[in-house]
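Structure file data-v7.txt (compact mmCIF, N, CA and C atoms and all ligand atoms) follows.
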# COMPACT_ATOMS: atom_id res chain seq x y z
N MET Z 764 -16.76 11.63 -38.12
CA MET Z 764 -16.32 11.17 -36.80
C MET Z 764 -15.80 9.75 -36.87
N GLY Z 765 -14.76 9.51 -36.11
CA GLY Z 765 -14.20 8.16 -36.06
C GLY Z 765 -15.09 7.24 -35.25
N LEU Z 766 -14.85 5.95 -35.41
CA LEU Z 766 -15.68 4.95 -34.72
C LEU Z 766 -15.65 5.14 -33.20
N LEU Z 767 -14.47 5.45 -32.68
CA LEU Z 767 -14.36 5.58 -31.22
C LEU Z 767 -15.11 6.80 -30.68
N GLU Z 768 -15.22 7.84 -31.52
CA GLU Z 768 -15.93 9.05 -31.07
C GLU Z 768 -17.45 8.81 -31.05
N CYS Z 769 -17.89 7.76 -31.73
CA CYS Z 769 -19.33 7.49 -31.81
C CYS Z 769 -19.81 6.56 -30.69
N THR Z 770 -18.90 6.09 -29.87
CA THR Z 770 -19.30 5.12 -28.85
C THR Z 770 -19.35 5.79 -27.47
N SER Z 771 -19.97 5.11 -26.53
CA SER Z 771 -20.00 5.63 -25.16
C SER Z 771 -18.70 5.25 -24.47
N SER Z 772 -18.39 5.94 -23.39
CA SER Z 772 -17.14 5.62 -22.71
C SER Z 772 -17.20 4.22 -22.09
N ALA Z 773 -18.39 3.78 -21.66
CA ALA Z 773 -18.52 2.42 -21.12
C ALA Z 773 -18.20 1.39 -22.20
N SER Z 774 -18.76 1.58 -23.40
CA SER Z 774 -18.51 0.63 -24.50
C SER Z 774 -17.06 0.68 -24.94
N LEU Z 775 -16.47 1.86 -24.88
CA LEU Z 775 -15.06 2.00 -25.26
C LEU Z 775 -14.18 1.11 -24.37
N TRP Z 776 -14.38 1.20 -23.05
CA TRP Z 776 -13.50 0.45 -22.15
C TRP Z 776 -13.86 -1.02 -22.06
N ARG Z 777 -15.16 -1.35 -22.22
CA ARG Z 777 -15.52 -2.76 -22.28
C ARG Z 777 -14.93 -3.36 -23.57
N GLY Z 778 -14.97 -2.60 -24.65
CA GLY Z 778 -14.40 -3.04 -25.92
C GLY Z 778 -12.90 -3.24 -25.81
N TYR Z 779 -12.27 -2.35 -25.09
CA TYR Z 779 -10.82 -2.48 -24.86
C TYR Z 779 -10.52 -3.77 -24.10
N ASP Z 780 -11.32 -4.04 -23.05
CA ASP Z 780 -11.14 -5.30 -22.30
C ASP Z 780 -11.31 -6.51 -23.21
N TYR Z 781 -12.35 -6.48 -24.03
CA TYR Z 781 -12.59 -7.60 -24.96
C TYR Z 781 -11.40 -7.80 -25.89
N PHE Z 782 -10.85 -6.70 -26.35
CA PHE Z 782 -9.67 -6.76 -27.22
C PHE Z 782 -8.50 -7.39 -26.47
N LYS Z 783 -8.25 -6.94 -25.23
CA LYS Z 783 -7.14 -7.49 -24.44
C LYS Z 783 -7.37 -8.97 -24.10
N GLU Z 784 -8.63 -9.34 -23.91
CA GLU Z 784 -8.97 -10.73 -23.57
C GLU Z 784 -9.02 -11.61 -24.82
N LYS Z 785 -8.67 -11.03 -25.95
CA LYS Z 785 -8.65 -11.74 -27.24
C LYS Z 785 -9.98 -12.43 -27.54
N ARG Z 786 -11.07 -11.70 -27.37
CA ARG Z 786 -12.39 -12.25 -27.66
C ARG Z 786 -12.76 -12.14 -29.13
N VAL Z 787 -11.95 -11.43 -29.90
CA VAL Z 787 -12.21 -11.33 -31.34
C VAL Z 787 -11.64 -12.59 -31.98
N LEU Z 788 -12.55 -13.45 -32.45
CA LEU Z 788 -12.14 -14.80 -32.81
C LEU Z 788 -11.67 -14.93 -34.26
N GLN Z 789 -12.42 -14.39 -35.15
CA GLN Z 789 -12.01 -14.50 -36.56
C GLN Z 789 -12.17 -13.13 -37.14
N ILE Z 790 -11.21 -12.77 -37.91
CA ILE Z 790 -11.35 -11.43 -38.48
C ILE Z 790 -10.88 -11.46 -39.93
N THR Z 791 -11.69 -10.90 -40.80
CA THR Z 791 -11.30 -10.81 -42.20
C THR Z 791 -11.60 -9.41 -42.72
N GLU Z 792 -10.71 -8.94 -43.59
CA GLU Z 792 -10.94 -7.64 -44.21
C GLU Z 792 -11.84 -7.89 -45.41
N THR Z 793 -13.02 -7.29 -45.42
CA THR Z 793 -13.96 -7.54 -46.52
C THR Z 793 -13.77 -6.54 -47.65
N SER Z 794 -13.40 -5.31 -47.29
CA SER Z 794 -13.02 -4.31 -48.29
C SER Z 794 -12.20 -3.25 -47.57
N ASP Z 795 -11.86 -2.19 -48.28
CA ASP Z 795 -11.07 -1.13 -47.64
C ASP Z 795 -11.77 -0.63 -46.38
N ASP Z 796 -11.08 -0.71 -45.25
CA ASP Z 796 -11.62 -0.19 -43.99
C ASP Z 796 -12.86 -0.92 -43.48
N CYS Z 797 -13.18 -2.08 -44.06
CA CYS Z 797 -14.31 -2.87 -43.58
C CYS Z 797 -13.83 -4.23 -43.11
N TYR Z 798 -14.25 -4.63 -41.93
CA TYR Z 798 -13.81 -5.89 -41.35
C TYR Z 798 -15.00 -6.63 -40.79
N LYS Z 799 -14.90 -7.98 -40.92
CA LYS Z 799 -15.95 -8.87 -40.45
C LYS Z 799 -15.30 -9.75 -39.40
N ALA Z 800 -15.98 -9.96 -38.27
CA ALA Z 800 -15.36 -10.79 -37.23
C ALA Z 800 -16.43 -11.47 -36.38
N LEU Z 801 -16.00 -12.49 -35.65
CA LEU Z 801 -16.83 -13.10 -34.62
C LEU Z 801 -16.26 -12.65 -33.29
N VAL Z 802 -17.14 -12.22 -32.39
CA VAL Z 802 -16.66 -11.77 -31.08
C VAL Z 802 -17.39 -12.55 -30.00
N SER Z 803 -16.61 -13.17 -29.15
CA SER Z 803 -17.17 -13.94 -28.05
C SER Z 803 -17.71 -13.00 -26.98
N GLY Z 804 -19.02 -13.05 -26.76
CA GLY Z 804 -19.65 -12.16 -25.78
C GLY Z 804 -20.26 -12.94 -24.65
N ASN Z 805 -21.42 -12.50 -24.16
CA ASN Z 805 -22.05 -13.16 -23.02
C ASN Z 805 -22.91 -14.34 -23.44
N SER Z 806 -23.33 -14.39 -24.70
CA SER Z 806 -24.16 -15.51 -25.13
C SER Z 806 -23.25 -16.66 -25.60
N ASP Z 807 -23.83 -17.83 -25.76
CA ASP Z 807 -23.05 -19.02 -26.13
C ASP Z 807 -22.44 -18.88 -27.52
N THR Z 808 -23.25 -18.37 -28.44
CA THR Z 808 -22.72 -18.20 -29.80
C THR Z 808 -22.10 -16.81 -29.93
N PRO Z 809 -20.95 -16.75 -30.59
CA PRO Z 809 -20.29 -15.44 -30.75
C PRO Z 809 -21.14 -14.51 -31.60
N TYR Z 810 -20.98 -13.25 -31.36
CA TYR Z 810 -21.70 -12.25 -32.14
C TYR Z 810 -21.02 -12.02 -33.48
N GLN Z 811 -21.84 -11.73 -34.48
CA GLN Z 811 -21.31 -11.42 -35.81
C GLN Z 811 -21.20 -9.91 -35.94
N VAL Z 812 -19.99 -9.47 -36.13
CA VAL Z 812 -19.73 -8.04 -36.13
C VAL Z 812 -19.11 -7.62 -37.46
N GLU Z 813 -19.59 -6.54 -37.99
CA GLU Z 813 -18.94 -5.94 -39.16
C GLU Z 813 -18.71 -4.47 -38.86
N ILE Z 814 -17.47 -4.05 -39.02
CA ILE Z 814 -17.22 -2.63 -38.80
C ILE Z 814 -16.81 -1.96 -40.10
N ASN Z 815 -17.22 -0.72 -40.21
CA ASN Z 815 -16.85 0.12 -41.34
C ASN Z 815 -16.15 1.34 -40.77
N ILE Z 816 -14.85 1.35 -40.87
CA ILE Z 816 -14.07 2.40 -40.21
C ILE Z 816 -14.32 3.78 -40.84
N ALA Z 817 -14.49 3.80 -42.17
CA ALA Z 817 -14.74 5.07 -42.85
C ALA Z 817 -16.13 5.61 -42.54
N HIS Z 818 -17.10 4.73 -42.36
CA HIS Z 818 -18.49 5.12 -42.04
C HIS Z 818 -18.95 4.31 -40.83
N PRO Z 819 -18.52 4.72 -39.64
CA PRO Z 819 -18.77 3.93 -38.43
C PRO Z 819 -20.24 3.55 -38.22
N ARG Z 820 -21.16 4.45 -38.57
CA ARG Z 820 -22.59 4.16 -38.33
C ARG Z 820 -23.13 3.05 -39.23
N LYS Z 821 -22.34 2.65 -40.23
CA LYS Z 821 -22.77 1.53 -41.07
C LYS Z 821 -22.32 0.19 -40.48
N SER Z 822 -21.60 0.25 -39.36
CA SER Z 822 -21.16 -0.98 -38.70
C SER Z 822 -22.36 -1.71 -38.12
N THR Z 823 -22.26 -3.03 -38.05
CA THR Z 823 -23.37 -3.82 -37.51
C THR Z 823 -22.87 -4.87 -36.52
N CYS Z 824 -23.75 -5.25 -35.60
CA CYS Z 824 -23.46 -6.34 -34.66
C CYS Z 824 -24.81 -6.91 -34.26
N ASN Z 825 -24.88 -8.23 -34.11
CA ASN Z 825 -26.18 -8.82 -33.76
C ASN Z 825 -26.36 -9.02 -32.25
N CYS Z 826 -25.62 -8.28 -31.44
CA CYS Z 826 -25.86 -8.34 -29.99
C CYS Z 826 -27.13 -7.54 -29.67
N PRO Z 827 -27.78 -7.84 -28.52
CA PRO Z 827 -29.05 -7.17 -28.19
C PRO Z 827 -28.92 -5.64 -28.10
N HIS Z 828 -27.75 -5.17 -27.71
CA HIS Z 828 -27.54 -3.73 -27.53
C HIS Z 828 -27.54 -2.97 -28.86
N ALA Z 829 -26.96 -3.58 -29.88
CA ALA Z 829 -26.73 -2.84 -31.13
C ALA Z 829 -27.59 -3.33 -32.30
N ASP Z 830 -28.19 -4.50 -32.17
CA ASP Z 830 -28.90 -5.10 -33.30
C ASP Z 830 -30.01 -4.17 -33.82
N GLY Z 831 -29.93 -3.83 -35.10
CA GLY Z 831 -30.95 -2.99 -35.73
C GLY Z 831 -30.85 -1.52 -35.38
N LYS Z 832 -29.87 -1.16 -34.55
CA LYS Z 832 -29.71 0.26 -34.19
C LYS Z 832 -28.39 0.76 -34.75
N ARG Z 833 -28.26 2.08 -34.71
CA ARG Z 833 -27.01 2.65 -35.22
C ARG Z 833 -26.07 2.95 -34.05
N ILE Z 834 -25.94 1.96 -33.18
CA ILE Z 834 -25.12 2.12 -31.99
C ILE Z 834 -23.75 1.47 -32.20
N ILE Z 835 -22.70 2.11 -31.70
CA ILE Z 835 -21.37 1.49 -31.74
C ILE Z 835 -21.18 0.76 -30.42
N CYS Z 836 -21.25 -0.59 -30.47
CA CYS Z 836 -21.19 -1.38 -29.24
C CYS Z 836 -19.75 -1.81 -28.93
N LYS Z 837 -19.58 -2.42 -27.77
CA LYS Z 837 -18.25 -2.85 -27.32
C LYS Z 837 -17.63 -3.89 -28.25
N HIS Z 838 -18.49 -4.70 -28.91
CA HIS Z 838 -17.96 -5.72 -29.83
C HIS Z 838 -17.31 -5.07 -31.05
N MET Z 839 -17.94 -4.00 -31.53
CA MET Z 839 -17.35 -3.26 -32.67
C MET Z 839 -16.03 -2.62 -32.25
N VAL Z 840 -16.02 -2.07 -31.03
CA VAL Z 840 -14.81 -1.43 -30.52
C VAL Z 840 -13.69 -2.47 -30.41
N ALA Z 841 -14.04 -3.67 -29.93
CA ALA Z 841 -13.04 -4.73 -29.79
C ALA Z 841 -12.44 -5.10 -31.15
N VAL Z 842 -13.29 -5.16 -32.18
CA VAL Z 842 -12.81 -5.46 -33.53
C VAL Z 842 -11.89 -4.33 -34.02
N TYR Z 843 -12.34 -3.10 -33.78
CA TYR Z 843 -11.55 -1.93 -34.20
C TYR Z 843 -10.15 -1.97 -33.57
N PHE Z 844 -10.10 -2.23 -32.28
CA PHE Z 844 -8.80 -2.27 -31.59
C PHE Z 844 -7.93 -3.44 -32.08
N THR Z 845 -8.59 -4.53 -32.47
CA THR Z 845 -7.83 -5.67 -32.99
C THR Z 845 -7.17 -5.32 -34.32
N VAL Z 846 -7.87 -4.52 -35.10
CA VAL Z 846 -7.33 -4.05 -36.38
C VAL Z 846 -6.24 -3.00 -36.15
N ARG Z 847 -6.43 -2.18 -35.12
CA ARG Z 847 -5.49 -1.09 -34.84
C ARG Z 847 -4.98 -1.14 -33.40
N PRO Z 848 -4.16 -2.15 -33.12
CA PRO Z 848 -3.69 -2.35 -31.73
C PRO Z 848 -2.87 -1.17 -31.19
N LEU Z 849 -2.12 -0.50 -32.05
CA LEU Z 849 -1.30 0.62 -31.57
C LEU Z 849 -2.19 1.75 -31.05
N GLU Z 850 -3.29 1.96 -31.76
CA GLU Z 850 -4.23 3.00 -31.33
C GLU Z 850 -4.86 2.64 -29.98
N ALA Z 851 -5.15 1.36 -29.81
CA ALA Z 851 -5.71 0.90 -28.53
C ALA Z 851 -4.76 1.23 -27.39
N GLU Z 852 -3.49 0.90 -27.57
CA GLU Z 852 -2.52 1.15 -26.49
C GLU Z 852 -2.31 2.64 -26.27
N ARG Z 853 -2.34 3.42 -27.34
CA ARG Z 853 -2.17 4.85 -27.21
C ARG Z 853 -3.33 5.45 -26.39
N ILE Z 854 -4.54 5.03 -26.71
CA ILE Z 854 -5.71 5.56 -26.00
C ILE Z 854 -5.68 5.14 -24.54
N TYR Z 855 -5.25 3.90 -24.30
CA TYR Z 855 -5.16 3.41 -22.93
C TYR Z 855 -4.14 4.23 -22.13
N ARG Z 856 -2.97 4.43 -22.73
CA ARG Z 856 -1.93 5.22 -22.04
C ARG Z 856 -2.40 6.64 -21.77
N GLU Z 857 -3.07 7.23 -22.74
CA GLU Z 857 -3.59 8.60 -22.56
C GLU Z 857 -4.59 8.66 -21.41
N ALA Z 858 -5.46 7.66 -21.34
CA ALA Z 858 -6.47 7.64 -20.29
C ALA Z 858 -5.82 7.53 -18.91
N ILE Z 859 -4.80 6.66 -18.82
CA ILE Z 859 -4.07 6.49 -17.55
C ILE Z 859 -3.40 7.80 -17.17
N ARG Z 860 -2.77 8.44 -18.13
CA ARG Z 860 -2.07 9.70 -17.85
C ARG Z 860 -3.06 10.77 -17.41
N TRP Z 861 -4.19 10.83 -18.11
CA TRP Z 861 -5.22 11.82 -17.77
C TRP Z 861 -5.71 11.58 -16.34
N GLN Z 862 -5.91 10.31 -16.00
CA GLN Z 862 -6.40 9.95 -14.67
C GLN Z 862 -5.39 10.39 -13.60
N ARG Z 863 -4.10 10.12 -13.85
CA ARG Z 863 -3.06 10.52 -12.89
C ARG Z 863 -3.03 12.04 -12.74
N GLU Z 864 -3.11 12.74 -13.87
CA GLU Z 864 -3.09 14.20 -13.81
C GLU Z 864 -4.28 14.74 -13.03
N GLU Z 865 -5.42 14.09 -13.26
CA GLU Z 865 -6.64 14.51 -12.58
C GLU Z 865 -6.51 14.27 -11.07
N GLU Z 866 -5.96 13.14 -10.67
CA GLU Z 866 -5.76 12.85 -9.25
C GLU Z 866 -4.81 13.86 -8.62
N GLN Z 867 -3.76 14.17 -9.36
CA GLN Z 867 -2.78 15.12 -8.85
C GLN Z 867 -3.41 16.51 -8.70
N ARG Z 868 -4.22 16.88 -9.68
CA ARG Z 868 -4.89 18.17 -9.65
C ARG Z 868 -5.81 18.25 -8.42
N GLN Z 869 -6.52 17.16 -8.16
CA GLN Z 869 -7.44 17.14 -7.01
C GLN Z 869 -6.67 17.23 -5.69
N GLU Z 870 -5.53 16.54 -5.63
CA GLU Z 870 -4.71 16.60 -4.41
C GLU Z 870 -4.22 18.02 -4.17
N GLU Z 871 -3.72 18.65 -5.23
CA GLU Z 871 -3.22 20.01 -5.11
C GLU Z 871 -4.32 20.98 -4.68
N GLU Z 872 -5.51 20.75 -5.24
CA GLU Z 872 -6.64 21.59 -4.89
C GLU Z 872 -7.00 21.43 -3.41
N ALA Z 873 -6.99 20.18 -2.93
CA ALA Z 873 -7.30 19.92 -1.53
C ALA Z 873 -6.26 20.59 -0.63
N ASP Z 874 -5.00 20.52 -1.00
CA ASP Z 874 -3.94 21.18 -0.24
C ASP Z 874 -4.17 22.69 -0.16
N ARG Z 875 -4.51 23.26 -1.32
CA ARG Z 875 -4.74 24.71 -1.35
C ARG Z 875 -5.93 25.10 -0.48
N LEU Z 876 -6.95 24.23 -0.48
CA LEU Z 876 -8.15 24.49 0.31
C LEU Z 876 -7.82 24.48 1.82
N VAL Z 877 -7.05 23.48 2.25
CA VAL Z 877 -6.66 23.38 3.66
C VAL Z 877 -5.89 24.63 4.06
N GLU Z 878 -4.96 25.01 3.20
CA GLU Z 878 -4.16 26.21 3.45
C GLU Z 878 -5.05 27.45 3.57
N LYS Z 879 -6.01 27.54 2.65
CA LYS Z 879 -6.91 28.69 2.63
C LYS Z 879 -7.73 28.78 3.92
N VAL Z 880 -8.31 27.64 4.32
CA VAL Z 880 -9.14 27.63 5.54
C VAL Z 880 -8.33 28.07 6.74
N HIS Z 881 -7.08 27.59 6.82
CA HIS Z 881 -6.23 27.96 7.95
C HIS Z 881 -5.89 29.45 7.95
N SER Z 882 -5.92 30.07 6.79
CA SER Z 882 -5.54 31.47 6.71
C SER Z 882 -6.75 32.41 6.91
N MET Z 883 -7.95 31.83 7.00
CA MET Z 883 -9.15 32.67 7.11
C MET Z 883 -9.34 33.17 8.55
N LYS Z 884 -9.98 34.35 8.66
CA LYS Z 884 -10.30 34.89 9.98
C LYS Z 884 -11.52 34.16 10.52
N LYS Z 885 -11.69 34.23 11.86
CA LYS Z 885 -12.78 33.48 12.49
C LYS Z 885 -14.15 33.84 11.90
N ASN Z 886 -14.43 35.14 11.73
CA ASN Z 886 -15.75 35.52 11.21
C ASN Z 886 -15.95 35.05 9.77
N GLU Z 887 -14.86 34.97 9.00
CA GLU Z 887 -14.95 34.44 7.63
C GLU Z 887 -15.28 32.94 7.66
N VAL Z 888 -14.65 32.23 8.59
CA VAL Z 888 -14.90 30.79 8.71
C VAL Z 888 -16.35 30.56 9.12
N CYS Z 889 -16.84 31.35 10.10
CA CYS Z 889 -18.23 31.22 10.55
C CYS Z 889 -19.20 31.45 9.40
N GLN Z 890 -18.96 32.51 8.65
CA GLN Z 890 -19.80 32.85 7.51
C GLN Z 890 -19.84 31.70 6.51
N ALA Z 891 -18.66 31.19 6.18
CA ALA Z 891 -18.56 30.11 5.19
C ALA Z 891 -19.25 28.85 5.70
N LEU Z 892 -19.07 28.54 6.97
CA LEU Z 892 -19.67 27.34 7.55
C LEU Z 892 -21.20 27.43 7.54
N LEU Z 893 -21.72 28.59 7.94
CA LEU Z 893 -23.17 28.76 7.96
C LEU Z 893 -23.75 28.66 6.55
N GLU Z 894 -23.05 29.20 5.58
CA GLU Z 894 -23.51 29.09 4.20
C GLU Z 894 -23.56 27.64 3.76
N LEU Z 895 -22.52 26.90 4.10
CA LEU Z 895 -22.48 25.48 3.74
C LEU Z 895 -23.63 24.73 4.41
N LEU Z 896 -23.91 25.07 5.68
CA LEU Z 896 -24.95 24.35 6.41
C LEU Z 896 -26.34 24.64 5.87
N PHE Z 897 -26.60 25.92 5.52
CA PHE Z 897 -27.96 26.27 5.10
C PHE Z 897 -28.19 26.12 3.60
N ASP Z 898 -27.14 26.21 2.81
CA ASP Z 898 -27.29 26.08 1.36
C ASP Z 898 -26.87 24.71 0.84
N GLY Z 899 -26.21 23.94 1.68
CA GLY Z 899 -25.68 22.65 1.25
C GLY Z 899 -26.73 21.55 1.33
N PRO Z 900 -26.32 20.31 1.08
CA PRO Z 900 -27.25 19.18 1.13
C PRO Z 900 -27.77 18.93 2.56
N GLU Z 901 -28.94 18.35 2.63
CA GLU Z 901 -29.60 18.13 3.92
C GLU Z 901 -28.80 17.21 4.84
N TRP Z 902 -28.16 16.18 4.26
CA TRP Z 902 -27.41 15.24 5.10
C TRP Z 902 -26.30 15.95 5.85
N GLN Z 903 -25.75 16.99 5.22
CA GLN Z 903 -24.65 17.72 5.84
C GLN Z 903 -25.16 18.50 7.06
N TYR Z 904 -26.32 19.14 6.87
CA TYR Z 904 -26.98 19.88 7.94
C TYR Z 904 -27.30 18.92 9.10
N ASP Z 905 -27.93 17.78 8.74
CA ASP Z 905 -28.32 16.80 9.76
C ASP Z 905 -27.11 16.28 10.52
N ARG Z 906 -26.05 16.04 9.80
CA ARG Z 906 -24.86 15.50 10.44
C ARG Z 906 -24.27 16.51 11.44
N PHE Z 907 -24.30 17.77 11.03
CA PHE Z 907 -23.78 18.81 11.91
C PHE Z 907 -24.64 18.93 13.17
N VAL Z 908 -25.97 18.87 12.98
CA VAL Z 908 -26.90 18.92 14.12
C VAL Z 908 -26.62 17.75 15.06
N ARG Z 909 -26.47 16.53 14.50
CA ARG Z 909 -26.21 15.34 15.33
C ARG Z 909 -24.90 15.50 16.12
N GLU Z 910 -23.88 16.01 15.43
CA GLU Z 910 -22.58 16.05 16.08
C GLU Z 910 -22.41 17.20 17.09
N TYR Z 911 -23.13 18.32 16.83
CA TYR Z 911 -22.84 19.50 17.66
C TYR Z 911 -24.03 20.00 18.48
N LEU Z 912 -25.26 19.62 18.13
CA LEU Z 912 -26.42 20.10 18.90
C LEU Z 912 -27.00 19.03 19.81
N ASP Z 913 -27.11 17.81 19.30
CA ASP Z 913 -27.71 16.73 20.10
C ASP Z 913 -26.66 16.13 21.01
N GLU Z 914 -26.55 16.68 22.15
CA GLU Z 914 -25.53 16.13 23.06
C GLU Z 914 -26.15 15.47 24.27
ZN ZN O 1001 -22.37 -5.79 -30.17

Once more with this new file: its structure as structure tokens, please.
Amino acid sequence: MGLLECTSSASLWRGYDYFKEKRVLQITETSDDCYKALVSGNSDTPYQVEINIAHPRKSTCNCPHADGKRIICKHMVAVYFTVRPLEAERIYREAIRWQREEEQRQEEEADRLVEKVHSMKKNEVCQALLELLFDGPEWQYDRFVREYLDE
């Protein structure tokens, strides 16, 4: 698995921000696919980060989140993106595109739903509404009672 597949989505995007904010201060290639860097984080002294692209779990960082654990933190991700900026931009563009597609899909689904409800017969609507009220979340039931029973 690649380094990015081993990280959480939160660390991935925080790492991307760190990369864009140029928080990776010094970077040196120590051997093939291994890089050592200082990354400016939340503490006063920058974190010491070493990434191993071929063996991501051998990467290290002395931040509280990753120190002594086999976690891929945002500082490692920032170093990785600094080494491979084209990949960073590709992943960012893909995420934006995915988000747009997802929004569009949701809009289309909402449109279809509105259309469907309008095409339903009254007894079908009643049935569906009662199911939603009795099987749905309590707040929904309470809200319906407040709006239509407590007058
Ligand atoms: Zn870290």

- Task: Could you find all residues in region 780-881 of chain Z that DSSP calls strand (DSSP E) from the backbone, and write them as a VMD selection string?
- Result: chain Z and resid 787 to 794 797 to 802 810 to 815 823 to 824

Given all atoms listed in the file, how would the per-residue table for chain Z near ligand ZN 1001 (chain O) read, listing every residue at most 7 Å away with its closest atom pair and distance in Å to one decimal, sorted by chain and number, as CSV?
residue,atom,partner,partner_atom,distance
Z:Tyr810,CA,O:ZN1001,ZN,6.8
Z:Val812,CA,O:ZN1001,ZN,6.9
Z:Thr823,C,O:ZN1001,ZN,6.4
Z:Cys824,CA,O:ZN1001,ZN,4.7
Z:Asn825,N,O:ZN1001,ZN,5.3
Z:Cys826,N,O:ZN1001,ZN,4.3
Z:Pro827,N,O:ZN1001,ZN,6.0
Z:His828,N,O:ZN1001,ZN,5.9
Z:Ala829,N,O:ZN1001,ZN,5.1
Z:Asp830,N,O:ZN1001,ZN,6.3
Z:Ile835,C,O:ZN1001,ZN,6.7
Z:Cys836,CA,O:ZN1001,ZN,4.7
Z:Lys837,N,O:ZN1001,ZN,5.0
Z:His838,N,O:ZN1001,ZN,4.2
Z:Met839,N,O:ZN1001,ZN,5.0

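Put simply, CA of Ile814 (chain Z) is 28.2 Å away from CA of Trp861 (chain Z).
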
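Take the candidates Z:Phe897, Z:Tyr781, Z:Tyr843, Z:Phe907 and check each one against Gly765 (chain Z) using only C-alpha atoms; the shortest distance goes to Z:Tyr843.
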
- Which one of Z:Leu766, Z:Leu788, Z:Leu893, Z:Ala817 sits closest to Val802 (chain Z) if you count only N, CA and C atoms? Z:Leu788

- chain Z: which residues are alpha helix (DSSP H) by DSSP, as an NGL selection string? :Z and (772-783 or 837-846 or 848-882 or 885-898 or 901-911)

- Excluding same-chain residues fewer than 5 positions from Arg777 (chain Z), what lies within 6.5 Å of it counting all atoms listed in the file, as a ChimeraX atom specification? /Z:772,782,837,841

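The gap separating atom N of Leu775 (chain Z) from CA of Asn805 (chain Z) is 16.1 Å, in Å to one decimal.
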
Can I get a file of region 852-864 of chain Z from the given structure, N, CA and C atoms kept, as a PDB file, in the first residue's frame?
ATOM      1  N   GLU Z 852      -1.572  17.593  -6.581  1.00  0.00           N
ATOM      2  CA  GLU Z 852      -2.572  18.343  -7.355  1.00  0.00           C
ATOM      3  C   GLU Z 852      -3.571  17.401  -8.021  1.00  0.00           C
ATOM      4  N   ARG Z 853      -3.103  16.244  -8.457  1.00  0.00           N
ATOM      5  CA  ARG Z 853      -4.000  15.286  -9.085  1.00  0.00           C
ATOM      6  C   ARG Z 853      -5.048  14.806  -8.072  1.00  0.00           C
ATOM      7  N   ILE Z 854      -4.600  14.486  -6.873  1.00  0.00           N
ATOM      8  CA  ILE Z 854      -5.524  13.999  -5.848  1.00  0.00           C
ATOM      9  C   ILE Z 854      -6.512  15.092  -5.457  1.00  0.00           C
ATOM     10  N   TYR Z 855      -6.014  16.325  -5.385  1.00  0.00           N
ATOM     11  CA  TYR Z 855      -6.891  17.443  -5.041  1.00  0.00           C
ATOM     12  C   TYR Z 855      -7.962  17.634  -6.119  1.00  0.00           C
ATOM     13  N   ARG Z 856      -7.532  17.621  -7.380  1.00  0.00           N
ATOM     14  CA  ARG Z 856      -8.500  17.781  -8.477  1.00  0.00           C
ATOM     15  C   ARG Z 856      -9.528  16.657  -8.484  1.00  0.00           C
ATOM     16  N   GLU Z 857      -9.071  15.444  -8.247  1.00  0.00           N
ATOM     17  CA  GLU Z 857      -9.992  14.296  -8.203  1.00  0.00           C
ATOM     18  C   GLU Z 857     -11.019  14.456  -7.091  1.00  0.00           C
ATOM     19  N   ALA Z 858     -10.558  14.922  -5.938  1.00  0.00           N
ATOM     20  CA  ALA Z 858     -11.469  15.083  -4.802  1.00  0.00           C
ATOM     21  C   ALA Z 858     -12.530  16.136  -5.114  1.00  0.00           C
ATOM     22  N   ILE Z 859     -12.087  17.245  -5.734  1.00  0.00           N
ATOM     23  CA  ILE Z 859     -13.027  18.317  -6.108  1.00  0.00           C
ATOM     24  C   ILE Z 859     -14.042  17.779  -7.104  1.00  0.00           C
ATOM     25  N   ARG Z 860     -13.565  17.032  -8.093  1.00  0.00           N
ATOM     26  CA  ARG Z 860     -14.462  16.492  -9.109  1.00  0.00           C
ATOM     27  C   ARG Z 860     -15.460  15.520  -8.490  1.00  0.00           C
ATOM     28  N   TRP Z 861     -14.954  14.677  -7.599  1.00  0.00           N
ATOM     29  CA  TRP Z 861     -15.814  13.700  -6.928  1.00  0.00           C
ATOM     30  C   TRP Z 861     -16.900  14.430  -6.129  1.00  0.00           C
ATOM     31  N   GLN Z 862     -16.490  15.495  -5.447  1.00  0.00           N
ATOM     32  CA  GLN Z 862     -17.425  16.271  -4.628  1.00  0.00           C
ATOM     33  C   GLN Z 862     -18.519  16.891  -5.506  1.00  0.00           C
ATOM     34  N   ARG Z 863     -18.111  17.459  -6.648  1.00  0.00           N
ATOM     35  CA  ARG Z 863     -19.093  18.053  -7.566  1.00  0.00           C
ATOM     36  C   ARG Z 863     -20.054  16.996  -8.087  1.00  0.00           C
ATOM     37  N   GLU Z 864     -19.502  15.846  -8.465  1.00  0.00           N
ATOM     38  CA  GLU Z 864     -20.350  14.764  -8.976  1.00  0.00           C
ATOM     39  C   GLU Z 864     -21.338  14.301  -7.915  1.00  0.00           C
TER      40      GLU Z 864
END
